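*Asks:* Before I ask anything, here is the structure I am working with.
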Amino acid sequence: MELIVIALGGNAISKRNELLSIDNQYQNINSTTKFIAKLANKYRLVIVHGNGPQVGLLALQNASYPSVPAYPLDVLVAQTQGMLGYMIQRSLQQYENVDQVACVLTQVEVDNNDPSFKDPTKYIGPVYKPEEQQNLQNQYGWQFKQDGKYVRRVVASPKPKKIIELDTIKELLSQNTIVICNGGGGIPVIKDNTGYKGIEAVIDKDHSAAQLAIELKADHLMILTDTDAVYENWGTPQQKALGKVDTKRIQPMAIDDGAMGPKIKSVIEFVEQTGNTAYIGNLTDIESLLAKTKGTIISQ
C-alpha cells in the first residue's frame with residue numbers, strides 16, 4: 001500500500017481563541033479522525049500534529065510556580081507528544097476498520113548553530129492583546145511578534161535534520177500500524193559527545209513532516225489546514241485559489257511569513273527530493289485531495 005504522511009494543522013486539535021479544555025480538544029480530534037479513518041484500509045498512514053497552543057499553555061503553567069525551575073521546551077514538547085498522541089490514538093481506535101495505532105515519542109536532530117536561535121519566529125501559546133505584551137515581557141522575558149491583530153509568543157524554530165526514531169517508525173509501518181509521531185515537530189535535540197541532548201526550541205511541524213516523508217520515501221505528503229487551498233493575492237479582490245501546480249509556480253510564495261509560507265516551503269522540499277506529490281487543503285476534503293479534485297496539488 002502507498003504511504004501518506006499527514007500533517008495536521010492546529011485547528012484539527014484546537015481552534016483559535018477556544019478554551020484549551022480536554023473536552024474541546026477531544027471534540028476537535030474526533031471531528032478530525034473520522035476523515036483520517038476512511039483512509040485506513042487503503043493506505044499506510046503516518047500522522048504528525050502541531051502543538052503550539054498546548055506547549056504554550058504548559059509553559060504558562062510552568063511560570064505560575066516560580067519556586068520550581070521552569071521545564072525546558074524539549075521536555076514540554078515531549079509532554080505534548082504523549083498527551084496529544086494518546087488522544088488521537090484513542091479517537092482513531094473507535095473505528096472498526098482501524099486495527100493498530102501507535103504513538104512514538106520522537107526526537108528530531110537540529111543544528112545548534114541554526115539562525116533561528118538568533119531570530120525566533122515560531123508561535124506558541126495563546127494570542128494576546130497588544131497592550132498586554134509589555135507586562136508579559138517584563139514578567140517572563142518572552143519574545144513576541146504580531147499574529148494578525150494580536151501578539152503571540154515566539155521561540156526558536158530550527159530546521160529539522162534527522163528523525164532519530166526512523167527505524168522504529170518503519171518497523172511499525174511494516175506491521176500495518178497507523179503511526180503518530182513527530183508530534184509538535186518532534187522533540188528538538190542536538191548531537192554532542194555523549195549522544196543527544198535537548199535544546200530550547202519548537203520545530204515547525206510542517207518542516208518536520210516533510211523531513212519525515214523524505215526519509216520514509218513516502219508516496220504522498222498531505223498538509224491539512226483550515227483553508228481549502230493555497231491562494232494567490234490572499235485577502236485582496238484578486239485572490240485566486242491554486243489547483244494543480246508545479247514547484248516553480250509556487251516558489252515565490254515560500255516565505256517565512258508564519259502562515260502559509262512554511263507549508264509551501266515544506267511541500268516544495270518534499271516534491272523536489274522525492275518526485276512524489278504533495279497536497280495542501282482542508283481536512284474535510286482529504287479524499288478529494290487524493291483524487292486531485294480539490295485543494296492545491298503540488299508536483300514536479
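By convention in this document, the chains of the C-alpha cells carry letters A, B, ... by their order, each chain's residues are numbered from 1, and ligands are numbered from 1 in the order they are shown.
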Might you pull out every residue within 6 Å of stretch 224-236 of chain A, with only C-alpha atoms counted and same-chain residues fewer than 4 positions away left off, and present them as number ranges by chain?
*Replies:* A: 8-9, 240-242, 280-283, 295-296
*Asks:* Within 9 Å of stretch 24-33 of chain A, counting only C-alpha atoms, which residues show up once you throw out same-chain ones fewer than 6 positions away? Write them as a list in words, please.
*Replies:*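 In the requested format, the answer is Leu8, Asn11, Ala12, Ile13, Ser14, Lys15, Glu18, Leu84, Met87, Ile88, Ser91, Leu92, Leu283 and Thr284 of chain A.
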*Asks:* Out of stretch 90-275 of chain A, which residues get alpha helix (DSSP H) from DSSP, as a PyMOL selection string?
*Replies:* chain A and resi 90-92+133-140+166-174+205-216+247-250+261-274
*Asks:* Can you tell me which residues surround A:Leu290 at a distance of at most 12 Å, considering only C-alpha atoms, apart from same-chain residues fewer than 4 positions away, and format the answer as a list of chain:residue names?
*Replies:*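 The neighbour list is A:Glu2, A:Ile4, A:Ile6, A:Leu39, A:Lys42, A:Tyr43, A:Asp219, A:His220, A:Leu221, A:Met222, A:Ile223, A:Leu224, A:Lys244, A:Thr277, A:Ala278, A:Tyr279, A:Ile280, A:Gly281, A:Asn282, A:Leu283, A:Thr284, A:Asp285, A:Ile286, A:Lys294, A:Gly295, A:Thr296, A:Ile297, A:Ile298.
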*Asks:* Mind checking which residues fall within 8 Å of A:Pro160, counting only C-alpha atoms, ignoring those fewer than 2 positions away in the same chain, and posting them as a list of chain:residue names?
*Replies:*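 The residues satisfying every condition are A:Val108, A:Glu109, A:Val110, A:Asp111, A:Pro158, A:Lys162, A:Ile163, A:Ile203, A:His207, A:Ser208, A:Gln211.
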*Asks:* Put those residues in a file: N, CA, C and O atoms, as an mmCIF file, in the first residue's frame.
*Replies:*
```
data_model
loop_
_atom_site.group_PDB
_atom_site.id
_atom_site.type_symbol
_atom_site.label_atom_id
_atom_site.label_comp_id
_atom_site.auth_asym_id
_atom_site.auth_seq_id
_atom_site.Cartn_x
_atom_site.Cartn_y
_atom_site.Cartn_z
ATOM 1 N N VAL A 108 14.015 14.784 17.142
ATOM 2 C CA VAL A 108 14.441 15.267 15.833
ATOM 3 C C VAL A 108 15.718 16.091 16.017
ATOM 4 O O VAL A 108 15.733 17.052 16.793
ATOM 5 N N GLU A 109 16.763 15.698 15.305
ATOM 6 C CA GLU A 109 18.036 16.410 15.430
ATOM 7 C C GLU A 109 17.977 17.753 14.699
ATOM 8 O O GLU A 109 17.457 17.853 13.584
ATOM 9 N N VAL A 110 18.512 18.790 15.359
ATOM 10 C CA VAL A 110 18.631 20.119 14.759
ATOM 11 C C VAL A 110 20.074 20.593 14.927
ATOM 12 O O VAL A 110 20.870 19.991 15.647
ATOM 13 N N ASP A 111 20.397 21.700 14.274
ATOM 14 C CA ASP A 111 21.740 22.272 14.330
ATOM 15 C C ASP A 111 21.792 23.332 15.425
ATOM 16 O O ASP A 111 20.982 24.265 15.433
ATOM 17 N N PRO A 158 14.294 25.781 14.717
ATOM 18 C CA PRO A 158 15.369 25.323 13.825
ATOM 19 C C PRO A 158 14.889 24.301 12.807
ATOM 20 O O PRO A 158 13.905 23.599 13.019
ATOM 21 N N LYS A 162 17.316 15.316 11.041
ATOM 22 C CA LYS A 162 17.274 13.857 11.068
ATOM 23 C C LYS A 162 16.233 13.376 12.066
ATOM 24 O O LYS A 162 16.149 13.913 13.174
ATOM 25 N N ILE A 163 15.441 12.367 11.682
ATOM 26 C CA ILE A 163 14.447 11.762 12.572
ATOM 27 C C ILE A 163 15.139 10.617 13.316
ATOM 28 O O ILE A 163 15.518 9.608 12.707
ATOM 29 N N ILE A 203 10.162 22.864 16.855
ATOM 30 C CA ILE A 203 10.356 22.688 15.416
ATOM 31 C C ILE A 203 9.017 22.842 14.698
ATOM 32 O O ILE A 203 7.987 22.354 15.167
ATOM 33 N N HIS A 207 7.643 21.470 8.410
ATOM 34 C CA HIS A 207 9.016 21.153 8.001
ATOM 35 C C HIS A 207 9.389 19.746 8.479
ATOM 36 O O HIS A 207 10.028 18.974 7.765
ATOM 37 N N SER A 208 8.992 19.432 9.715
ATOM 38 C CA SER A 208 9.310 18.131 10.294
ATOM 39 C C SER A 208 8.586 17.006 9.549
ATOM 40 O O SER A 208 9.157 15.935 9.300
ATOM 41 N N GLN A 211 10.431 16.434 6.315
ATOM 42 C CA GLN A 211 11.673 15.697 6.540
ATOM 43 C C GLN A 211 11.381 14.211 6.769
ATOM 44 O O GLN A 211 12.059 13.330 6.227
#
```
*Asks:* Pick out the closest residue to A:Pro130 from this set: A:Lys118, A:Leu3, A:Gly10, A:Asp147. Count only C-alpha atoms.
*Replies:*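 Result for the nearest residue to A:Pro130: A:Asp147.
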*Asks:* Go through A:Ala37, A:Asp256, A:Thr293, A:Ala218 one by one, measure the shortest atom-to-atom distance of each to A:Glu96 using only C-alpha atoms, and give the residue with the smallest value.
*Replies:*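 Using only C-alpha atoms, the shortest distance to A:Glu96 belongs to A:Ala37.
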*Asks:* Env of A:Gln107: 7 Å cut, atoms = only C-alpha atoms, seq-sep filter 3 positions within chain, self excluded. Answer as a PDB file with C-alpha atoms, in the first residue's frame.
*Replies:*
```pdb
ATOM      1  CA  ILE A 163      14.447  11.762  12.572  1.00  0.00           C
ATOM      2  CA  ILE A 164      16.092   9.759  15.382  1.00  0.00           C
ATOM      3  CA  GLU A 165      13.389   7.075  15.737  1.00  0.00           C
ATOM      4  CA  GLY A 186       9.473  16.460  17.231  1.00  0.00           C
ATOM      5  CA  ILE A 187      11.498  16.833  20.426  1.00  0.00           C
ATOM      6  CA  PRO A 188      14.395  19.127  19.435  1.00  0.00           C
ATOM      7  CA  VAL A 189      17.794  17.595  20.188  1.00  0.00           C
TER       8      VAL A 189
END
```
*Asks:* Of the candidates A:Ile22, A:Ile180, A:Val155, A:Leu166, which shows the shortest atom-to-atom distance to A:Gln81, using only C-alpha atoms?
*Replies:*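 Nearest to A:Gln81: A:Ile180.
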*Asks:* Identify all residues of stretch 163-204 of chain A in strand (DSSP E) (DSSP on the backbone) and supply them as a PyMOL selection string.
*Replies:* chain A and resi 163+177-180+187-192+195-198
*Asks:* Please compute the atom CA of A:Asp119-atom CA of A:Val68 distance, one decimal, in Å.
*Replies:*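 Separation between atom CA of A:Asp119 and atom CA of A:Val68: 27.8 Å.
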*Asks:* Give me, as number ranges by chain, all polymer residues having an atom no more than 8 Å from stretch 69-78 of chain A, counting only C-alpha atoms and skipping those fewer than 5 positions away in the same chain.
*Replies:* A: 51, 55, 58-59, 62-63, 105, 183-184, 186-189, 198-202
*Asks:* Let me see the file: selected residues, all heavy atoms, as a JSON list (two decimals), in the first residue's frame.
*Replies:*
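Ended up saving to selection-v9.json:
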```json
[["chain", "number", "residue", "atom", "x", "y", "z"],
["A", 51, "ASN", "N", 1.43, 21.50, 18.03],
["A", 51, "ASN", "CA", 1.28, 21.56, 19.49],
["A", 51, "ASN", "C", 1.44, 22.98, 20.04],
["A", 51, "ASN", "O", 1.62, 23.16, 21.24],
["A", 51, "ASN", "CB", 2.31, 20.64, 20.17],
["A", 51, "ASN", "CG", 3.73, 21.20, 20.09],
["A", 51, "ASN", "OD1", 4.03, 22.05, 19.24],
["A", 51, "ASN", "ND2", 4.61, 20.74, 20.96],
["A", 55, "VAL", "N", 1.81, 23.52, 24.03],
["A", 55, "VAL", "CA", 3.13, 23.72, 24.63],
["A", 55, "VAL", "C", 3.20, 25.11, 25.27],
["A", 55, "VAL", "O", 3.86, 25.31, 26.30],
["A", 55, "VAL", "CB", 4.26, 23.50, 23.59],
["A", 55, "VAL", "CG1", 4.46, 24.70, 22.67],
["A", 55, "VAL", "CG2", 5.57, 23.15, 24.28],
["A", 58, "LEU", "N", 1.46, 24.84, 28.67],
["A", 58, "LEU", "CA", 2.34, 24.19, 29.64],
["A", 58, "LEU", "C", 3.40, 25.16, 30.15],
["A", 58, "LEU", "O", 3.76, 25.16, 31.33],
["A", 58, "LEU", "CB", 3.01, 22.96, 29.02],
["A", 58, "LEU", "CG", 2.13, 21.73, 28.82],
["A", 58, "LEU", "CD1", 2.91, 20.64, 28.09],
["A", 58, "LEU", "CD2", 1.60, 21.20, 30.14],
["A", 59, "ALA", "N", 3.92, 26.00, 29.25],
["A", 59, "ALA", "CA", 4.91, 26.99, 29.66],
["A", 59, "ALA", "C", 4.31, 28.01, 30.62],
["A", 59, "ALA", "O", 4.96, 28.43, 31.59],
["A", 59, "ALA", "CB", 5.48, 27.69, 28.42],
["A", 62, "ASN", "N", 3.94, 26.33, 33.91],
["A", 62, "ASN", "CA", 5.28, 26.31, 34.48],
["A", 62, "ASN", "C", 5.59, 27.60, 35.21],
["A", 62, "ASN", "O", 6.08, 27.62, 36.34],
["A", 62, "ASN", "CB", 6.31, 26.19, 33.33],
["A", 62, "ASN", "CG", 7.09, 24.91, 33.38],
["A", 62, "ASN", "OD1", 7.04, 24.17, 34.35],
["A", 62, "ASN", "ND2", 7.84, 24.65, 32.34],
["A", 63, "ALA", "N", 5.31, 28.70, 34.51],
["A", 63, "ALA", "CA", 5.67, 30.02, 35.03],
["A", 63, "ALA", "C", 4.87, 30.39, 36.28],
["A", 63, "ALA", "O", 5.28, 31.28, 37.04],
["A", 63, "ALA", "CB", 5.48, 31.07, 33.94],
["A", 105, "LEU", "N", 7.21, 8.48, 20.71],
["A", 105, "LEU", "CA", 7.89, 9.67, 21.23],
["A", 105, "LEU", "C", 9.11, 9.90, 20.35],
["A", 105, "LEU", "O", 10.03, 9.08, 20.32],
["A", 105, "LEU", "CB", 8.30, 9.42, 22.67],
["A", 105, "LEU", "CG", 8.49, 10.64, 23.57],
["A", 105, "LEU", "CD1", 7.19, 11.39, 23.75],
["A", 105, "LEU", "CD2", 9.04, 10.21, 24.93],
["A", 183, "GLY", "N", 5.29, 14.55, 16.84],
["A", 183, "GLY", "CA", 4.32, 15.50, 17.39],
["A", 183, "GLY", "C", 4.96, 16.83, 17.75],
["A", 183, "GLY", "O", 6.04, 16.87, 18.33],
["A", 184, "GLY", "N", 4.26, 17.91, 17.37],
["A", 184, "GLY", "CA", 4.81, 19.24, 17.63],
["A", 184, "GLY", "C", 6.08, 19.51, 16.88],
["A", 184, "GLY", "O", 6.86, 20.39, 17.26],
["A", 186, "GLY", "N", 8.45, 17.33, 16.66],
["A", 186, "GLY", "CA", 9.47, 16.46, 17.23],
["A", 186, "GLY", "C", 10.18, 17.12, 18.40],
["A", 186, "GLY", "O", 10.21, 18.35, 18.52],
["A", 187, "ILE", "N", 10.74, 16.31, 19.29],
["A", 187, "ILE", "CA", 11.50, 16.83, 20.43],
["A", 187, "ILE", "C", 12.85, 17.32, 19.89],
["A", 187, "ILE", "O", 13.61, 16.53, 19.33],
["A", 187, "ILE", "CB", 11.72, 15.74, 21.49],
["A", 187, "ILE", "CG1", 10.38, 15.19, 21.98],
["A", 187, "ILE", "CG2", 12.54, 16.28, 22.66],
["A", 187, "ILE", "CD1", 10.50, 13.86, 22.73],
["A", 188, "PRO", "N", 13.16, 18.61, 20.02],
["A", 188, "PRO", "CA", 14.40, 19.13, 19.43],
["A", 188, "PRO", "C", 15.62, 18.70, 20.23],
["A", 188, "PRO", "O", 15.71, 18.93, 21.44],
["A", 188, "PRO", "CB", 14.20, 20.64, 19.50],
["A", 188, "PRO", "CG", 13.29, 20.85, 20.66],
["A", 188, "PRO", "CD", 12.38, 19.65, 20.72],
["A", 189, "VAL", "N", 16.56, 18.05, 19.55],
["A", 189, "VAL", "CA", 17.79, 17.60, 20.19],
["A", 189, "VAL", "C", 18.99, 17.96, 19.32],
["A", 189, "VAL", "O", 18.87, 18.09, 18.09],
["A", 189, "VAL", "CB", 17.79, 16.07, 20.46],
["A", 189, "VAL", "CG1", 16.71, 15.69, 21.44],
["A", 189, "VAL", "CG2", 17.64, 15.27, 19.16],
["A", 198, "GLY", "N", 18.57, 17.64, 24.72],
["A", 198, "GLY", "CA", 17.51, 18.55, 24.33],
["A", 198, "GLY", "C", 17.98, 19.98, 24.25],
["A", 198, "GLY", "O", 18.99, 20.37, 24.86],
["A", 199, "ILE", "N", 17.24, 20.79, 23.48],
["A", 199, "ILE", "CA", 17.56, 22.20, 23.33],
["A", 199, "ILE", "C", 16.27, 23.01, 23.33],
["A", 199, "ILE", "O", 15.21, 22.50, 22.97],
["A", 199, "ILE", "CB", 18.39, 22.43, 22.04],
["A", 199, "ILE", "CG1", 18.99, 23.84, 22.03],
["A", 199, "ILE", "CG2", 17.56, 22.16, 20.79],
["A", 199, "ILE", "CD1", 20.08, 24.02, 21.00],
["A", 200, "GLU", "N", 16.35, 24.28, 23.73],
["A", 200, "GLU", "CA", 15.19, 25.16, 23.83],
["A", 200, "GLU", "C", 14.70, 25.58, 22.45],
["A", 200, "GLU", "O", 15.27, 26.48, 21.82],
["A", 200, "GLU", "CB", 15.55, 26.40, 24.65],
["A", 200, "GLU", "CG", 15.59, 26.19, 26.15],
["A", 200, "GLU", "CD", 14.19, 26.17, 26.74],
["A", 200, "GLU", "OE1", 13.55, 27.23, 26.84],
["A", 200, "GLU", "OE2", 13.73, 25.07, 27.10],
["A", 201, "ALA", "N", 13.67, 24.93, 21.96],
["A", 201, "ALA", "CA", 13.13, 25.24, 20.63],
["A", 201, "ALA", "C", 11.84, 24.49, 20.43],
["A", 201, "ALA", "O", 11.51, 23.57, 21.19],
["A", 201, "ALA", "CB", 14.13, 24.86, 19.54],
["A", 202, "VAL", "N", 11.09, 24.88, 19.40],
["A", 202, "VAL", "CA", 9.93, 24.12, 18.92],
["A", 202, "VAL", "C", 10.05, 24.06, 17.40],
["A", 202, "VAL", "O", 10.07, 25.09, 16.73],
["A", 202, "VAL", "CB", 8.60, 24.78, 19.33],
["A", 202, "VAL", "CG1", 7.43, 24.04, 18.69],
["A", 202, "VAL", "CG2", 8.43, 24.80, 20.84]]
```
*Asks:* What gap, in Å, lies between atom CA of A:Glu272 and atom CA of A:Ala7?
*Replies:*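 Distance reported for this atom pair: 18.2 Å.
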*Asks:* Pick out the closest residue to A:Thr274 from this set: A:His49, A:Lys122, A:Arg249, A:Lys217. Count only C-alpha atoms.
*Replies:*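 Once distances to A:Thr274 are computed over only C-alpha atoms, the minimum belongs to A:Lys217.
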*Asks:* Mind checking which residues fall within 12 Å of A:Gln300, counting only C-alpha atoms, ignoring those fewer than 5 positions away in the same chain, and posting them as a VMD selection string?
*Replies:* chain A and resid 244 to 251 267 to 278
*Asks:* Give me a file of those residues, with N, CA, C and O atoms, as a PDB file, in the first residue's frame.
*Replies:*
```pdb
ATOM      1  N   LYS A 244      -3.816  22.531  -9.485  1.00  0.00           N
ATOM      2  CA  LYS A 244      -2.629  21.729  -9.781  1.00  0.00           C
ATOM      3  C   LYS A 244      -1.498  22.648 -10.227  1.00  0.00           C
ATOM      4  O   LYS A 244      -1.640  23.399 -11.200  1.00  0.00           O
ATOM      5  N   VAL A 245      -0.377  22.601  -9.513  1.00  0.00           N
ATOM      6  CA  VAL A 245       0.761  23.472  -9.806  1.00  0.00           C
ATOM      7  C   VAL A 245       2.059  22.681  -9.683  1.00  0.00           C
ATOM      8  O   VAL A 245       2.105  21.626  -9.038  1.00  0.00           O
ATOM      9  N   ASP A 246       3.131  23.213 -10.296  1.00  0.00           N
ATOM     10  CA  ASP A 246       4.452  22.633 -10.068  1.00  0.00           C
ATOM     11  C   ASP A 246       5.192  23.498  -9.047  1.00  0.00           C
ATOM     12  O   ASP A 246       4.712  24.563  -8.647  1.00  0.00           O
ATOM     13  N   THR A 247       6.355  23.038  -8.631  1.00  0.00           N
ATOM     14  CA  THR A 247       7.072  23.734  -7.555  1.00  0.00           C
ATOM     15  C   THR A 247       7.531  25.118  -7.978  1.00  0.00           C
ATOM     16  O   THR A 247       7.586  26.040  -7.144  1.00  0.00           O
ATOM     17  N   LYS A 248       7.860  25.294  -9.247  1.00  0.00           N
ATOM     18  CA  LYS A 248       8.296  26.624  -9.710  1.00  0.00           C
ATOM     19  C   LYS A 248       7.174  27.642  -9.597  1.00  0.00           C
ATOM     20  O   LYS A 248       7.408  28.821  -9.300  1.00  0.00           O
ATOM     21  N   ARG A 249       5.953  27.189  -9.818  1.00  0.00           N
ATOM     22  CA  ARG A 249       4.788  28.096  -9.792  1.00  0.00           C
ATOM     23  C   ARG A 249       4.575  28.692  -8.412  1.00  0.00           C
ATOM     24  O   ARG A 249       4.171  29.854  -8.285  1.00  0.00           O
ATOM     25  N   ILE A 250       4.822  27.892  -7.360  1.00  0.00           N
ATOM     26  CA  ILE A 250       4.540  28.411  -6.011  1.00  0.00           C
ATOM     27  C   ILE A 250       5.811  28.819  -5.253  1.00  0.00           C
ATOM     28  O   ILE A 250       5.725  29.281  -4.118  1.00  0.00           O
ATOM     29  N   GLN A 251       6.967  28.684  -5.881  1.00  0.00           N
ATOM     30  CA  GLN A 251       8.221  29.043  -5.217  1.00  0.00           C
ATOM     31  C   GLN A 251       8.221  30.475  -4.660  1.00  0.00           C
ATOM     32  O   GLN A 251       8.676  30.710  -3.528  1.00  0.00           O
ATOM     33  N   VAL A 267       6.360  21.535   1.254  1.00  0.00           N
ATOM     34  CA  VAL A 267       5.917  20.686   0.142  1.00  0.00           C
ATOM     35  C   VAL A 267       6.884  20.766  -1.031  1.00  0.00           C
ATOM     36  O   VAL A 267       7.114  19.761  -1.715  1.00  0.00           O
ATOM     37  N   ILE A 268       7.470  21.930  -1.255  1.00  0.00           N
ATOM     38  CA  ILE A 268       8.453  22.061  -2.337  1.00  0.00           C
ATOM     39  C   ILE A 268       9.641  21.142  -2.071  1.00  0.00           C
ATOM     40  O   ILE A 268      10.109  20.419  -2.962  1.00  0.00           O
ATOM     41  N   GLU A 269      10.137  21.153  -0.834  1.00  0.00           N
ATOM     42  CA  GLU A 269      11.280  20.317  -0.482  1.00  0.00           C
ATOM     43  C   GLU A 269      10.961  18.835  -0.688  1.00  0.00           C
ATOM     44  O   GLU A 269      11.768  18.080  -1.239  1.00  0.00           O
ATOM     45  N   PHE A 270       9.768  18.421  -0.246  1.00  0.00           N
ATOM     46  CA  PHE A 270       9.369  17.020  -0.401  1.00  0.00           C
ATOM     47  C   PHE A 270       9.277  16.634  -1.870  1.00  0.00           C
ATOM     48  O   PHE A 270       9.822  15.603  -2.292  1.00  0.00           O
ATOM     49  N   VAL A 271       8.581  17.431  -2.663  1.00  0.00           N
ATOM     50  CA  VAL A 271       8.368  17.108  -4.073  1.00  0.00           C
ATOM     51  C   VAL A 271       9.693  17.073  -4.827  1.00  0.00           C
ATOM     52  O   VAL A 271       9.949  16.165  -5.626  1.00  0.00           O
ATOM     53  N   GLU A 272      10.569  18.050  -4.572  1.00  0.00           N
ATOM     54  CA  GLU A 272      11.827  18.115  -5.307  1.00  0.00           C
ATOM     55  C   GLU A 272      12.772  16.976  -4.922  1.00  0.00           C
ATOM     56  O   GLU A 272      13.552  16.516  -5.751  1.00  0.00           O
ATOM     57  N   GLN A 273      12.707  16.517  -3.679  1.00  0.00           N
ATOM     58  CA  GLN A 273      13.624  15.461  -3.250  1.00  0.00           C
ATOM     59  C   GLN A 273      13.100  14.056  -3.541  1.00  0.00           C
ATOM     60  O   GLN A 273      13.885  13.112  -3.634  1.00  0.00           O
ATOM     61  N   THR A 274      11.790  13.900  -3.660  1.00  0.00           N
ATOM     62  CA  THR A 274      11.233  12.558  -3.873  1.00  0.00           C
ATOM     63  C   THR A 274      10.612  12.366  -5.250  1.00  0.00           C
ATOM     64  O   THR A 274      10.455  11.230  -5.714  1.00  0.00           O
ATOM     65  N   GLY A 275      10.209  13.452  -5.882  1.00  0.00           N
ATOM     66  CA  GLY A 275       9.488  13.347  -7.144  1.00  0.00           C
ATOM     67  C   GLY A 275       8.032  12.957  -6.976  1.00  0.00           C
ATOM     68  O   GLY A 275       7.314  12.765  -7.958  1.00  0.00           O
ATOM     69  N   ASN A 276       7.578  12.864  -5.728  1.00  0.00           N
ATOM     70  CA  ASN A 276       6.197  12.469  -5.455  1.00  0.00           C
ATOM     71  C   ASN A 276       5.304  13.686  -5.234  1.00  0.00           C
ATOM     72  O   ASN A 276       5.762  14.822  -5.340  1.00  0.00           O
ATOM     73  N   THR A 277       4.048  13.460  -4.907  1.00  0.00           N
ATOM     74  CA  THR A 277       3.045  14.519  -4.892  1.00  0.00           C
ATOM     75  C   THR A 277       2.734  14.990  -3.477  1.00  0.00           C
ATOM     76  O   THR A 277       2.671  14.189  -2.538  1.00  0.00           O
ATOM     77  N   ALA A 278       2.519  16.297  -3.333  1.00  0.00           N
ATOM     78  CA  ALA A 278       2.115  16.888  -2.056  1.00  0.00           C
ATOM     79  C   ALA A 278       0.803  17.631  -2.236  1.00  0.00           C
ATOM     80  O   ALA A 278       0.434  18.036  -3.353  1.00  0.00           O
TER      81      ALA A 278
END
```
*Asks:* Select, from A:Gly52, A:Lys263, A:Phe144, A:Asn112, the residue with the minimum atom-to-atom distance to A:Tyr196, counting only C-alpha atoms.
*Replies:*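 Going through A:Gly52, A:Lys263, A:Phe144, A:Asn112 one by one, the smallest distance to A:Tyr196 is for A:Asn112.
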*Asks:* Between atom CA of A:Asp204 and atom CA of A:Gly141, what distance in Å does the model show, to one decimal?
*Replies:* 22.1 Å
